[in-house]
Every structure is written in C-alpha cells, then in structure tokens.
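Here is the file start_9.tsv (TSV, C-alpha atoms).
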chain	number	residue	atom	x	y	z
A	1	MET	CA	81.55	86.70	85.71
A	2	THR	CA	80.23	85.50	89.07
A	3	ALA	CA	80.15	88.12	91.79
A	4	THR	CA	82.02	87.38	94.98
A	5	THR	CA	79.87	87.48	98.09
A	6	LEU	CA	81.60	88.76	101.21
A	7	PRO	CA	80.41	88.15	104.76
A	8	PRO	CA	78.96	91.14	106.60
A	9	GLN	CA	81.45	93.26	108.47
A	10	THR	CA	81.19	93.75	112.22
A	11	GLY	CA	82.04	97.46	112.33
A	12	ALA	CA	78.94	99.65	112.15
A	13	PRO	CA	79.25	103.09	110.56
A	14	ALA	CA	78.81	106.03	112.88
A	15	THR	CA	75.60	108.00	112.46
A	16	ALA	CA	75.77	111.63	111.46
A	17	GLY	CA	74.78	112.54	114.98
A	18	ASP	CA	77.81	110.82	116.49
A	19	ARG	CA	80.63	112.70	114.77
A	20	ALA	CA	79.23	114.62	111.85
A	21	LEU	CA	81.66	115.90	109.25
A	22	ARG	CA	80.26	118.41	106.82
A	23	LEU	CA	81.32	118.72	103.20
A	24	GLY	CA	79.39	121.56	101.69
A	25	ASP	CA	75.72	120.73	102.16
A	26	ARG	CA	76.45	117.04	102.80
A	27	VAL	CA	76.94	115.33	106.11
A	28	LEU	CA	79.24	112.31	105.87
A	29	GLY	CA	78.25	109.16	107.72
A	30	ALA	CA	81.57	109.09	109.55
A	31	PRO	CA	84.55	111.48	109.69
A	32	VAL	CA	86.94	109.25	107.79
A	33	VAL	CA	88.41	109.89	104.33
A	34	LEU	CA	90.31	107.61	101.96
A	35	ALA	CA	93.49	109.42	100.95
A	36	PRO	CA	94.29	109.55	97.23
A	37	MET	CA	97.06	107.09	96.36
A	38	ALA	CA	98.46	106.80	92.85
A	39	GLY	CA	97.77	103.40	91.31
A	40	ILE	CA	95.62	102.39	94.30
A	41	THR	CA	92.50	104.48	94.79
A	42	ASN	CA	90.89	103.78	91.45
A	43	ALA	CA	87.12	103.35	91.12
A	44	ALA	CA	87.36	99.63	91.90
A	45	PHE	CA	89.24	100.07	95.18
A	46	ARG	CA	87.02	102.95	96.24
A	47	ARG	CA	83.97	100.78	95.63
A	48	LEU	CA	85.47	97.90	97.62
A	49	CYS	CA	86.23	100.20	100.56
A	50	ARG	CA	82.65	101.50	100.50
A	51	GLU	CA	81.25	97.99	100.40
A	52	LEU	CA	83.33	96.76	103.31
A	53	GLY	CA	83.18	100.06	105.15
A	54	GLY	CA	79.41	100.11	105.31
A	55	GLY	CA	79.35	103.18	103.08
A	56	ALA	CA	80.77	105.38	105.82
A	57	GLY	CA	83.12	108.24	104.95
A	58	LEU	CA	84.47	109.78	101.77
A	59	TYR	CA	86.57	108.08	99.09
A	60	VAL	CA	88.78	110.34	96.98
A	61	SER	CA	90.11	109.52	93.52
A	62	GLU	CA	93.72	109.27	92.45
A	63	MET	CA	95.38	112.60	91.78
A	64	VAL	CA	94.76	114.03	88.32
A	65	THR	CA	96.61	116.98	86.81
A	66	SER	CA	94.80	120.17	85.86
A	67	ARG	CA	96.38	120.47	82.44
A	68	ALA	CA	95.51	116.91	81.50
A	69	LEU	CA	91.88	117.53	82.42
A	70	VAL	CA	91.77	120.68	80.35
A	71	GLU	CA	93.17	118.70	77.43
A	72	ARG	CA	90.81	115.80	78.24
A	73	THR	CA	93.49	113.19	77.88
A	74	PRO	CA	92.26	109.57	78.00
A	75	GLU	CA	94.13	108.93	81.24
A	76	SER	CA	92.64	111.98	82.97
A	77	LEU	CA	89.17	110.88	81.93
A	78	ARG	CA	89.85	107.36	83.22
A	79	LEU	CA	91.09	108.65	86.56
A	80	THR	CA	87.96	110.73	87.08
A	81	GLU	CA	85.47	107.96	86.29
A	82	HIS	CA	83.06	107.10	89.08
A	83	HIS	CA	80.85	104.08	89.60
A	84	PRO	CA	77.11	104.95	89.47
A	85	ASP	CA	76.69	104.03	93.15
A	86	GLU	CA	79.47	106.38	94.30
A	87	PRO	CA	77.65	108.75	96.67
A	88	VAL	CA	80.09	111.65	96.26
A	89	LYS	CA	82.12	112.13	93.10
A	90	SER	CA	85.36	113.15	94.77
A	91	VAL	CA	88.42	114.13	92.72
A	92	GLN	CA	91.88	115.17	93.84
A	93	LEU	CA	93.37	117.83	91.60
A	94	TYR	CA	97.04	118.69	91.16
A	95	ALA	CA	97.55	122.30	90.17
A	96	THR	CA	100.37	124.83	89.94
A	97	ASP	CA	98.80	127.44	87.68
A	98	PRO	CA	95.61	129.17	88.90
A	99	ALA	CA	94.13	129.73	85.45
A	100	THR	CA	94.68	126.13	84.38
A	101	ALA	CA	93.28	124.89	87.68
A	102	ALA	CA	90.08	126.90	87.20
A	103	ARG	CA	89.68	125.55	83.67
A	104	ALA	CA	90.19	122.03	84.99
A	105	VAL	CA	87.30	122.54	87.42
A	106	ASP	CA	85.18	123.83	84.55
A	107	THR	CA	85.96	120.61	82.68
A	108	LEU	CA	85.06	118.44	85.65
A	109	LEU	CA	81.74	120.22	86.06
A	110	GLU	CA	80.95	120.10	82.37
A	111	LEU	CA	81.56	116.34	82.34
A	112	ASP	CA	79.72	115.85	85.66
A	113	ARG	CA	82.84	114.25	87.15
A	114	ALA	CA	83.11	116.09	90.49
A	115	GLU	CA	80.92	116.91	93.48
A	116	HIS	CA	84.00	117.57	95.61
A	117	VAL	CA	87.48	118.78	94.64
A	118	ASP	CA	90.48	118.16	96.89
A	119	LEU	CA	93.64	120.14	96.13
A	120	ASN	CA	96.95	118.30	96.44
A	121	PHE	CA	99.61	120.29	98.25
A	122	GLY	CA	101.21	117.30	99.93
A	123	CYS	CA	102.86	115.16	97.27
A	124	PRO	CA	106.60	114.73	98.09
A	125	VAL	CA	107.58	112.95	94.86
A	126	PRO	CA	110.68	114.58	93.29
A	127	LYS	CA	109.17	114.94	89.81
A	128	VAL	CA	106.41	117.02	91.42
A	129	THR	CA	108.36	119.12	93.92
A	130	ARG	CA	111.24	119.92	91.57
A	131	ARG	CA	108.73	121.83	89.43
A	132	GLY	CA	107.29	123.68	92.43
A	133	GLY	CA	104.21	121.51	92.85
A	134	GLY	CA	102.78	119.35	95.62
A	135	ALA	CA	104.37	119.90	99.02
A	136	ALA	CA	106.73	122.55	97.59
A	137	LEU	CA	104.02	124.91	96.43
A	138	PRO	CA	102.76	126.35	99.78
A	139	TRP	CA	106.22	127.89	100.27
A	140	LYS	CA	105.16	130.43	97.65
A	141	ALA	CA	102.37	131.93	99.73
A	142	ASP	CA	100.96	134.11	96.97
A	143	LEU	CA	100.79	131.23	94.50
A	144	PHE	CA	99.14	128.98	97.08
A	145	ARG	CA	96.44	131.55	97.73
A	146	ALA	CA	95.92	132.13	94.02
A	147	VAL	CA	95.43	128.43	93.24
A	148	VAL	CA	92.99	127.86	96.11
A	149	ARG	CA	91.09	131.05	95.23
A	150	ALA	CA	90.82	130.14	91.55
A	151	VAL	CA	89.52	126.63	92.24
A	152	VAL	CA	87.04	127.74	94.92
A	153	ARG	CA	85.62	130.43	92.64
A	154	ALA	CA	85.33	128.04	89.70
A	155	ALA	CA	83.56	125.41	91.82
A	156	GLU	CA	81.34	127.76	93.83
A	157	PRO	CA	78.54	128.36	91.25
A	158	ALA	CA	77.90	124.60	91.13
A	159	GLY	CA	77.96	124.28	94.90
A	160	VAL	CA	81.02	122.02	94.78
A	161	PRO	CA	83.12	122.23	97.96
A	162	VAL	CA	86.90	122.50	97.71
A	163	THR	CA	89.27	121.09	100.33
A	164	VAL	CA	93.02	121.23	100.81
A	165	LYS	CA	95.41	118.42	101.70
A	166	MET	CA	98.96	119.38	102.61
A	167	ARG	CA	102.09	118.51	104.58
A	168	LYS	CA	103.81	120.46	107.33
A	169	GLY	CA	106.17	122.00	104.83
A	170	ILE	CA	109.26	121.31	102.78
A	171	ASP	CA	111.51	120.40	105.71
A	172	ALA	CA	111.98	121.31	109.37
A	173	ASP	CA	113.47	124.68	108.43
A	174	HIS	CA	110.74	125.57	105.95
A	175	LEU	CA	107.37	124.88	107.57
A	176	THR	CA	104.26	126.27	105.90
A	177	TYR	CA	101.25	124.50	107.34
A	178	LEU	CA	99.96	127.17	109.73
A	179	ASP	CA	100.20	130.00	107.19
A	180	ALA	CA	98.79	127.79	104.45
A	181	GLY	CA	95.94	126.58	106.62
A	182	ARG	CA	94.87	130.12	107.43
A	183	ALA	CA	95.18	131.15	103.78
A	184	ALA	CA	93.11	128.17	102.60
A	185	VAL	CA	90.33	129.11	105.01
A	186	ASP	CA	90.49	132.76	103.93
A	187	GLU	CA	90.06	131.68	100.31
A	188	GLY	CA	87.05	129.48	101.04
A	189	ALA	CA	88.33	125.93	101.57
A	190	ALA	CA	85.68	123.73	103.19
A	191	TRP	CA	88.28	121.91	105.28
A	192	VAL	CA	92.02	121.44	105.61
A	193	ALA	CA	93.73	118.05	105.99
A	194	LEU	CA	97.27	117.87	107.32
A	195	HIS	CA	99.73	115.00	106.91
A	196	GLY	CA	101.96	115.38	109.95
A	197	ARG	CA	105.25	115.11	108.08
A	198	THR	CA	107.35	117.37	105.88
A	199	ALA	CA	108.11	116.53	102.28
A	200	ALA	CA	111.67	115.67	103.30
A	201	GLN	CA	110.42	113.02	105.74
A	202	LEU	CA	108.42	111.11	103.12
A	203	TYR	CA	106.67	108.49	105.31
A	204	ALA	CA	109.19	108.21	108.16
A	205	PRO	CA	109.72	108.75	111.03
A	206	SER	CA	106.43	108.83	112.95
A	207	ALA	CA	103.91	111.47	111.94
A	208	ASP	CA	103.82	114.61	114.07
A	209	TRP	CA	100.29	114.60	115.46
A	210	ASP	CA	101.10	117.64	117.60
A	211	ALA	CA	101.31	119.68	114.39
A	212	ILE	CA	97.74	118.62	113.61
A	213	ALA	CA	96.71	119.87	117.06
A	214	ARG	CA	98.45	123.20	116.44
A	215	LEU	CA	96.64	123.60	113.13
A	216	ARG	CA	93.31	122.76	114.77
A	217	ASP	CA	93.97	125.47	117.37
A	218	ALA	CA	94.98	127.99	114.71
A	219	LEU	CA	91.86	127.75	112.54
A	220	PRO	CA	88.26	128.75	113.21
A	221	ALA	CA	86.32	126.05	115.05
A	222	GLU	CA	83.67	125.90	112.33
A	223	VAL	CA	86.23	124.84	109.69
A	224	PRO	CA	87.08	121.13	110.03
A	225	VAL	CA	90.70	120.08	110.34
A	226	LEU	CA	91.50	116.48	109.39
A	227	GLY	CA	94.55	114.54	110.46
A	228	ASN	CA	96.62	112.23	108.31
A	229	GLY	CA	99.61	110.02	109.08
A	230	ASP	CA	100.12	106.70	110.87
A	231	VAL	CA	96.47	105.67	111.10
A	232	PHE	CA	96.87	101.92	110.78
A	233	SER	CA	93.99	100.85	113.02
A	234	ALA	CA	90.72	102.07	114.49
A	235	GLU	CA	92.55	102.63	117.76
A	236	ASP	CA	95.05	104.88	115.96
A	237	ALA	CA	92.17	106.95	114.61
A	238	VAL	CA	90.63	107.38	118.04
A	239	ALA	CA	94.02	108.27	119.54
A	240	MET	CA	94.61	110.90	116.83
A	241	VAL	CA	91.24	112.53	117.40
A	242	GLU	CA	91.69	112.53	121.19
A	243	ARG	CA	95.23	113.86	121.06
A	244	THR	CA	94.79	116.52	118.40
A	245	GLY	CA	91.14	117.52	118.59
A	246	CYS	CA	90.91	117.04	114.82
A	247	ASP	CA	87.48	116.67	113.26
A	248	GLY	CA	88.23	113.60	111.17
A	249	VAL	CA	90.97	111.30	109.93
A	250	VAL	CA	92.44	110.65	106.50
A	251	VAL	CA	93.58	107.07	105.89
A	252	GLY	CA	96.22	106.16	103.32
A	253	ARG	CA	98.59	103.23	103.72
A	254	GLY	CA	96.64	101.81	106.65
A	255	CYS	CA	93.91	100.44	104.40
A	256	LEU	CA	96.22	98.62	101.99
A	257	GLY	CA	95.06	95.03	102.07
A	258	ARG	CA	92.44	96.01	104.66
A	259	PRO	CA	89.52	97.72	102.90
A	260	TRP	CA	87.34	96.95	105.94
A	261	LEU	CA	89.36	99.42	108.03
A	262	PHE	CA	86.82	102.18	107.35
A	263	ALA	CA	84.08	100.20	109.07
A	264	ASP	CA	86.37	99.67	112.07
A	265	ILE	CA	87.22	103.38	112.29
A	266	ALA	CA	83.60	104.45	111.92
A	267	ALA	CA	82.61	102.05	114.70
A	268	ALA	CA	85.45	103.15	116.98
A	269	LEU	CA	84.69	106.85	116.57
A	270	ALA	CA	81.06	106.08	117.43
A	271	GLY	CA	82.15	104.28	120.60
A	272	ASP	CA	81.39	100.79	119.26
A	273	PRO	CA	84.00	98.19	120.31
A	274	ALA	CA	83.24	95.89	117.35
A	275	ARG	CA	86.19	95.28	115.03
A	276	THR	CA	86.72	93.23	111.89
A	277	ARG	CA	89.06	90.34	112.67
A	278	PRO	CA	88.95	88.34	109.44
A	279	ASP	CA	90.02	84.76	108.99
A	280	LEU	CA	91.96	83.93	105.85
A	281	ARG	CA	88.82	82.91	103.97
A	282	THR	CA	87.39	86.40	104.46
A	283	VAL	CA	90.64	88.03	103.39
A	284	VAL	CA	90.79	85.89	100.25
A	285	ALA	CA	87.17	86.78	99.46
A	286	ALA	CA	88.04	90.48	99.72
A	287	PHE	CA	91.09	90.01	97.50
A	288	ARG	CA	88.98	88.16	94.94
A	289	ARG	CA	86.29	90.83	95.04
A	290	HIS	CA	88.95	93.50	94.53
A	291	ALA	CA	90.22	91.72	91.42
A	292	GLU	CA	86.68	91.26	90.14
A	293	LEU	CA	85.89	94.96	90.52
A	294	LEU	CA	89.14	95.85	88.76
A	295	ALA	CA	88.19	93.56	85.89
A	296	ASP	CA	84.78	95.21	85.62
A	297	ASN	CA	86.30	98.69	85.77
A	298	MET	CA	89.08	98.00	83.29
A	299	ALA	CA	87.03	95.71	81.03
A	300	ASP	CA	90.18	93.61	80.86
A	301	GLU	CA	90.55	90.64	83.19
A	302	ALA	CA	94.23	90.04	82.47
A	303	ARG	CA	95.12	93.69	83.07
A	304	ALA	CA	93.11	93.66	86.30
A	305	CYS	CA	94.99	90.61	87.52
A	306	ARG	CA	98.28	92.29	86.77
A	307	ASP	CA	97.13	95.31	88.76
A	308	ILE	CA	96.02	93.26	91.79
A	309	ARG	CA	99.43	91.60	92.09
A	310	LYS	CA	100.89	94.52	94.04
A	311	HIS	CA	98.24	94.01	96.71
A	312	VAL	CA	99.13	90.39	97.51
A	313	SER	CA	101.59	91.02	100.34
A	314	TRP	CA	99.29	93.60	101.94
A	315	TYR	CA	96.27	91.29	102.05
A	316	LEU	CA	98.23	88.28	103.28
A	317	LYS	CA	100.33	90.12	105.89
A	318	GLY	CA	100.60	87.90	108.96
A	319	TYR	CA	98.60	84.97	107.59
A	320	PRO	CA	100.15	81.46	107.30
A	321	VAL	CA	100.53	81.41	103.53
A	322	GLY	CA	103.83	80.04	102.27
A	323	HIS	CA	106.21	81.78	99.92
A	324	GLU	CA	105.41	79.54	96.96
A	325	LEU	CA	101.67	80.30	97.09
A	326	ARG	CA	102.33	84.01	97.51
A	327	VAL	CA	104.57	84.03	94.45
A	328	ARG	CA	101.99	82.16	92.40
A	329	LEU	CA	99.26	84.56	93.47
A	330	ALA	CA	101.47	87.46	92.41
A	331	LEU	CA	101.72	85.97	88.92
A	332	VAL	CA	98.03	85.34	88.18
A	333	ASP	CA	96.54	86.26	84.83
A	334	SER	CA	92.87	85.49	85.42
A	335	LEU	CA	90.20	85.24	88.10
A	336	ALA	CA	90.28	81.49	87.57
A	337	ASP	CA	93.98	81.56	88.44
A	338	ILE	CA	93.16	83.40	91.65
A	339	ASP	CA	90.56	80.80	92.57
A	340	ALA	CA	92.96	77.94	91.85
A	341	VAL	CA	95.81	79.37	93.93
A	342	THR	CA	93.71	80.50	96.87
A	343	ALA	CA	91.95	77.11	97.03
A	344	GLU	CA	95.28	75.66	98.17
A	345	MET	CA	95.56	78.08	101.08
A	346	PRO	CA	94.59	77.20	104.68
A	347	LEU	CA	91.38	79.20	104.43
A	348	ASP	CA	90.22	78.31	107.93
A	349	ALA	CA	93.29	80.03	109.43
A	350	ALA	CA	92.17	82.49	112.09
A	351	TYR	CA	92.99	86.17	112.25
A	352	PRO	CA	96.69	86.24	113.29
A	353	GLY	CA	96.46	89.23	115.61
A	354	GLU	CA	99.40	91.61	115.85
A	355	ALA	CA	101.15	89.99	112.89
A	356	ALA	CA	98.45	91.36	110.58
A	357	GLU	CA	98.54	94.84	112.07
A	358	GLY	CA	100.95	97.75	112.03
A	359	GLN	CA	102.61	99.74	109.29
A	360	ARG	CA	102.30	98.73	105.67
A	361	GLY	CA	103.10	100.27	102.33
A	362	ARG	CA	105.95	102.59	101.45
A	363	ALA	CA	108.11	104.31	104.03
A	364	GLY	CA	111.54	105.46	102.86
A	365	SER	CA	114.18	107.43	104.66
A	366	PRO	CA	114.18	111.23	104.96
A	367	ARG	CA	115.98	112.95	102.09
A	368	PRO	CA	116.50	116.44	100.67
A	369	VAL	CA	113.57	117.73	98.64
A	370	ALA	CA	114.05	118.39	94.93
A	371	LEU	CA	113.08	122.01	94.28
A	372	PRO	CA	113.32	124.55	91.45
A	373	ASP	CA	116.50	126.63	91.49
A	374	GLY	CA	116.26	129.44	94.02
A	375	TRP	CA	112.86	128.28	95.29
A	376	LEU	CA	113.68	128.93	98.94
A	377	ARG	CA	115.05	132.44	98.51
A	378	SER	CA	111.63	134.06	98.87
A	379	ARG	CA	108.08	133.20	99.93
A	380	SER	CA	106.86	135.06	96.81
A	381	LEU	CA	106.93	133.94	93.19
A	382	ASP	CA	109.06	135.93	90.76
A	383	ALA	CA	108.53	136.05	86.99
A	384	SER	CA	110.87	133.17	86.15
A	385	GLY	CA	109.35	131.01	88.86
A	386	ALA	CA	105.85	131.78	87.62
A	387	ALA	CA	106.74	130.59	84.13
A	388	GLU	CA	108.24	127.38	85.52
A	389	VAL	CA	105.27	126.40	87.67
A	390	ALA	CA	102.80	127.28	84.93
A	391	ALA	CA	104.45	124.63	82.76
A	392	ALA	CA	104.97	122.12	85.58
A	393	GLU	CA	101.77	120.14	85.17
A	394	ALA	CA	102.82	118.92	81.74
A	395	SER	CA	105.54	116.76	83.24
A	396	VAL	CA	103.57	115.21	86.12
A	397	SER	CA	101.91	111.81	85.96
A	398	GLY	CA	98.38	111.15	87.06
A	399	GLY	CA	96.57	112.07	83.90
Could you express the structure from this file as structure tokens?
Amino acid sequence: MTATTLPPQTGAPATAGDRALRLGDRVLGAPVVLAPMAGITNAAFRRLCRELGGGAGLYVSEMVTSRALVERTPESLRLTEHHPDEPVKSVQLYATDPATAARAVDTLLELDRAEHVDLNFGCPVPKVTRRGGGAALPWKADLFRAVVRAVVRAAEPAGVPVTVKMRKGIDADHLTYLDAGRAAVDEGAAWVALHGRTAAQLYAPSADWDAIARLRDALPAEVPVLGNGDVFSAEDAVAMVERTGCDGVVVGRGCLGRPWLFADIAAALAGDPARTRPDLRTVVAAFRRHAELLADNMADEARACRDIRKHVSWYLKGYPVGHELRVRLALVDSLADIDAVTAEMPLDAAYPGEAAEGQRGRAGSPRPVALPDGWLRSRSLDASGAAEVAAAEASVSGG
C-alpha cells in the first residue's frame, strides 16, 4: 500500500508556554482535546488528526464500557488499541458501578492501554440514560462521587490522571453541572470538561457558553475547566476561551471532515493568524489518507472503505463536487476505487470559504430524556436503583 503524502499545514501548534494545559505530569502542546465520538474517533482518525494538527493537543478514544473491559471482550480491546506513535494513550470510560469501573481501570493498566482516563457523564443517547448512565448519572450525587472516587483511586498508583466530561444536566429543571464539577474536583479529577447543553437538548439549540463560565468561576483556579459545544472553527475556540475564561476547548463535530482543525485552533490560541484553507486536492488527499489509515488499523481494506463512506459529505462540504461523484465515492470498496473517483473531481477547485464552514454532524431537536423509573424523585440512589445501574453497562454499546 502506498502512503498518501499530505502537504504541510499552515497552522502552527502553540508552545507549552503560550497556553499550557496540564494533564497529570504532562504539559499538552495546545489546550485542545478531540472529543470521543462513537464510530469516529478510532485509532486511525486520531492519528490523522495528530498528523494534520501538528501533534498539538490530546486525542481521546471512543467510549468503552467498564464491564466489557473487565470481561476483555474483543470489541473493548479493539476500541482501546493505540498506534505506537500515540503520545498519550487516552481512553474514555463509561461506568455506572464504582466497583466495575475500578476493575476496568485495573484491566487498562494491566494491558498498558491507558495513560489517561476520561469518564463519560455526558452521553445523551436513550439506551444509556434510561439505565441511569451518561448524562443521567450526575443526578444521583452519591453515585457520581463514588464512580469518580473509585476510578481516581484505581488509577492513582500508576500516576494516570482521571478527567470528567459532562453536560449541564438532564434538562433545564434538573441541572447538575455545578454540584458535579465541585464533587469531581473533591474526588481528585485532573480537570472537568463541560458540554454546554443538557441531555434533553442533544446538539441543539446553541451551546450555553455562559454555563462554562459559571463552572470556571465555581472551581479552584488550579483545576482546568474545558469547554465543549459549537466549536466549528479556530475563531469559535478563541471566542469560547475569551467569553468563558475556560482553560481549553473540546472539539467534537467541528472536526468532521476537517482533521486539520486542531492545527488551526492551536495557532489561533497562540495568536497566530495562519489558517488552513485547503483546495479540493488537499481535502481529497486527507480523505484518502484517512481511508488508508483505517485500512491499516482494520487490516481489511474493504471494511475500511465501508467505514469511510460516512465521512464523504463532511469532507466535501461546500466544494464543487456533483451528486453523482459523491454517490460513487460513498459506495467505494477499495483504495483504488477512491483514487478512480476522486481523479474525476475538479481537484484545483479553491477553498470555497463560508460554504465549507459552519455546523456539521448530528443535531436533532430537543426531546424528553429516557430515564429509569423514579430517577428524578431523589438525588440519592436507593437499593433498587443501585441494582439497576450496576447492571446497566451490559446493555450499552461501545465495547
């Protein structure tokens, strides 16, 4: 397989002295983090983002469930694989039961699969929240503390930092982020990242950056607070930091089809005006490299090409590529197919400006959150609720 060579990117990573973000005893090159996204942030995509981002920032794996790790299921082991050049082995862990979560960390350490553990308390997916997990779990304040405490204590002997990613709460009437943020810090979390929406809001309307500012004000200055939500450009990242005072940004949907966004954000936060404005040839080269890395990671070229299909519209957003070519690219079965289809595209087409920018990825309309029966009656977990959440991880995807 011939490696794809990409042109150098214009965005220069910030130095540690510009805006240092600490993670345990490490100092990240720039305060920008790739958010875990199911089916997206596999080892291949993380590697691509590092390559085009100049190595700046932190790139977190897809979410994996604690129980699956304890059982060492093939999927959990696949999700926690890291390329040898990955500078920080970063894993996002889904947990509802403190004991299982601690055992999952033990497994990660035994297998040398984690140098950083991020706890997921932000997932709004019904199959997660209806069992008391994800964004529903911080409502049970005692359980939230117990999970964070168990994971921090399991990771501490190995010097592995633990962070927390969460949403504002379940809905506007059941906000948890300030209490949860303070509790996470009390239990030893290295930082707290807040997505400025409730679970009910999914990904719309606009993220509430003011909530990120309130959390920053509520926590000790020495504990970083990261902001997440509606960072679709380097300018968005700068605006979030300036408006909220947050110590770093977490990027999810904004990098879909734009793995060079991390270089742009690192440059912008360092005060560098340089931005990546790729022509179609550069975009196609990134798409091809993405597929190539997937093929290497999966050891299955056809499977990799099936996986890359969902990225087609994101990469080509705004570029003058007709419907017929887009459809053909979304049906490829090999790298040779990709080369044949993209060779027919107007590769000299310039960066299209605003048409290539803005929101991308899933949105969805606000909706009621699926929760266990009686979940909202109390902030504490009763015996029946404890039994339900202890078994919840068995029914959640992600390993």
Write out as CSV a residue-level contact list of range 115-232 of chain A versus range 367-390 of chain A with cut-off 8 Å: for each qualifying residue the closest pair of atoms and the distance in Å to one decimal, counting only C-alpha atoms, rows sorted by chain and residue number upward.
residue,atom,partner,partner_atom,distance
A:Pro124,CA,A:Val369,CA,7.6
A:Pro126,CA,A:Ala370,CA,5.3
A:Lys127,CA,A:Ala370,CA,7.9
A:Thr129,CA,A:Leu371,CA,5.5
A:Arg130,CA,A:Leu371,CA,3.9
A:Arg131,CA,A:Pro372,CA,5.7
A:Gly132,CA,A:Val389,CA,5.8
A:Gly133,CA,A:Val389,CA,7.2
A:Ala136,CA,A:Leu371,CA,7.2
A:Trp139,CA,A:Arg379,CA,5.6
A:Lys140,CA,A:Arg379,CA,4.6
A:Ala141,CA,A:Arg379,CA,5.9
A:Asp142,CA,A:Ser380,CA,6.0
A:Leu143,CA,A:Leu381,CA,6.8
A:Ile170,CA,A:Val369,CA,7.0
A:Asp171,CA,A:Val369,CA,7.8
A:Ala199,CA,A:Val369,CA,6.7
A:Ala200,CA,A:Arg367,CA,5.2
A:Gln201,CA,A:Arg367,CA,6.7
A:Leu202,CA,A:Arg367,CA,7.8
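Using only C-alpha atoms, the smallest distance between any of A:Arg103, A:Leu23, A:Val151, A:Val64 and Asp247 in chain A comes from A:Leu23.
Rounded to one decimal, CA of Val91 in chain A and CA of Leu108 in chain A lie 8.9 Å from each other.
Using only C-alpha atoms, the residues found no farther than 7 Å from Cys49 in chain A, other than those of its own chain fewer than 3 positions away, are Phe45, Arg46, Leu52, Gly53, Pro259 and Trp260 of chain A.
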With a distance cut-off of 6 Å and only C-alpha atoms, select the neighbouring residues of Met166 in chain A, excluding the residue or stretch itself and same-chain residues fewer than 6 positions from it, and output the selection as an NGL selection string.
-> :A and (121-122 or 194)
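Interatomic distance, CA of Glu344 in chain A to CA of Pro320 in chain A: 11.9 Å.
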Atomic separation - CA of Thr41 in chain A relative to CA of Thr276 in chain A, Å = 21.3 Å
Report the closest atom pair, with its distance in Å rounded to one decimal, for each residue of range 201-249 of chain A that has an atom no farther than 8 Å from range 349-360 of chain A; count all atoms listed in the file, sort by chain and then rising residue number, and write it as a Markdown table.
| residue | atom | partner | partner_atom | distance |
| --- | --- | --- | --- | --- |
| A:Asp230 | CA | A:Gln359 | CA | 7.6 |
| A:Phe232 | CA | A:Gly358 | CA | 6.0 |
| A:Ser233 | CA | A:Glu357 | CA | 7.6 |
Counting all atoms listed in the file, select every polymer residue within 9 Å of (93.4, 85.5, 105.5) as defined in the file's coordinates, and provide the selection as a count of residues only.
-> 23
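Nearest residue to Val125 in chain A among A:Thr198, A:Thr342, A:Ser206, A:Thr107 is A:Thr198, counting all atoms listed in the file.
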If you count all atoms listed in the file, which residues fall within 8 Å of range 210-214 of chain A, apart from same-chain ones fewer than 6 positions away, as a PyMOL selection string?
-> chain A and resi 168+178+194-196+225-227+243-246
Residue contacts of Asn42 in chain A (10 Å, only C-alpha atoms) excluding same-chain residues fewer than 2 positions away, as a PyMOL selection string | chain A and resi 36-40+44-47+59-63+78-82+294+297
Pick from A:Thr73, A:Ser90, A:Ser334, A:Ser66, whichever lies nearest to Val147 in chain A using all atoms listed in the file | A:Ser66
Could you give me range 58-63 of chain A completed to all heavy atoms, formatted as a compact mmCIF listing (two decimals), in the frame of the given file?
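Output contents, as saved in out-v3.txt:
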# COMPACT_ATOMS: atom_id res chain seq x y z
N LEU A 58 84.28 109.19 103.09
CA LEU A 58 84.47 109.78 101.77
C LEU A 58 85.66 109.11 101.11
O LEU A 58 86.69 108.87 101.76
CB LEU A 58 84.73 111.29 101.90
CG LEU A 58 84.98 112.07 100.62
CD1 LEU A 58 83.68 112.19 99.83
CD2 LEU A 58 85.53 113.45 100.93
N TYR A 59 85.55 108.84 99.81
CA TYR A 59 86.57 108.08 99.09
C TYR A 59 87.03 108.89 97.88
O TYR A 59 86.29 109.07 96.93
CB TYR A 59 86.02 106.71 98.70
CG TYR A 59 85.53 105.95 99.92
CD1 TYR A 59 84.24 106.10 100.39
CD2 TYR A 59 86.41 105.13 100.63
CE1 TYR A 59 83.81 105.45 101.54
CE2 TYR A 59 85.99 104.47 101.78
CZ TYR A 59 84.69 104.63 102.23
OH TYR A 59 84.29 103.99 103.37
N VAL A 60 88.27 109.38 97.95
CA VAL A 60 88.78 110.34 96.98
C VAL A 60 89.56 109.62 95.88
O VAL A 60 90.28 108.65 96.14
CB VAL A 60 89.67 111.38 97.68
CG1 VAL A 60 90.08 112.49 96.71
CG2 VAL A 60 88.95 111.99 98.88
N SER A 61 89.45 110.12 94.67
CA SER A 61 90.11 109.52 93.52
C SER A 61 91.62 109.68 93.58
O SER A 61 92.16 110.43 94.40
CB SER A 61 89.61 110.17 92.23
OG SER A 61 90.20 111.45 92.06
N GLU A 62 92.30 109.00 92.66
CA GLU A 62 93.72 109.27 92.45
C GLU A 62 93.90 110.71 91.97
O GLU A 62 92.99 111.31 91.39
CB GLU A 62 94.27 108.32 91.38
CG GLU A 62 94.19 106.86 91.71
CD GLU A 62 94.59 106.00 90.53
OE1 GLU A 62 95.79 105.90 90.25
OE2 GLU A 62 93.69 105.43 89.88
N MET A 63 95.09 111.25 92.21
CA MET A 63 95.38 112.60 91.78
C MET A 63 95.36 112.70 90.25
O MET A 63 95.90 111.85 89.55
CB MET A 63 96.76 113.02 92.30
CG MET A 63 97.17 114.43 91.93
SD MET A 63 98.86 114.79 92.48
CE MET A 63 99.82 114.00 91.18
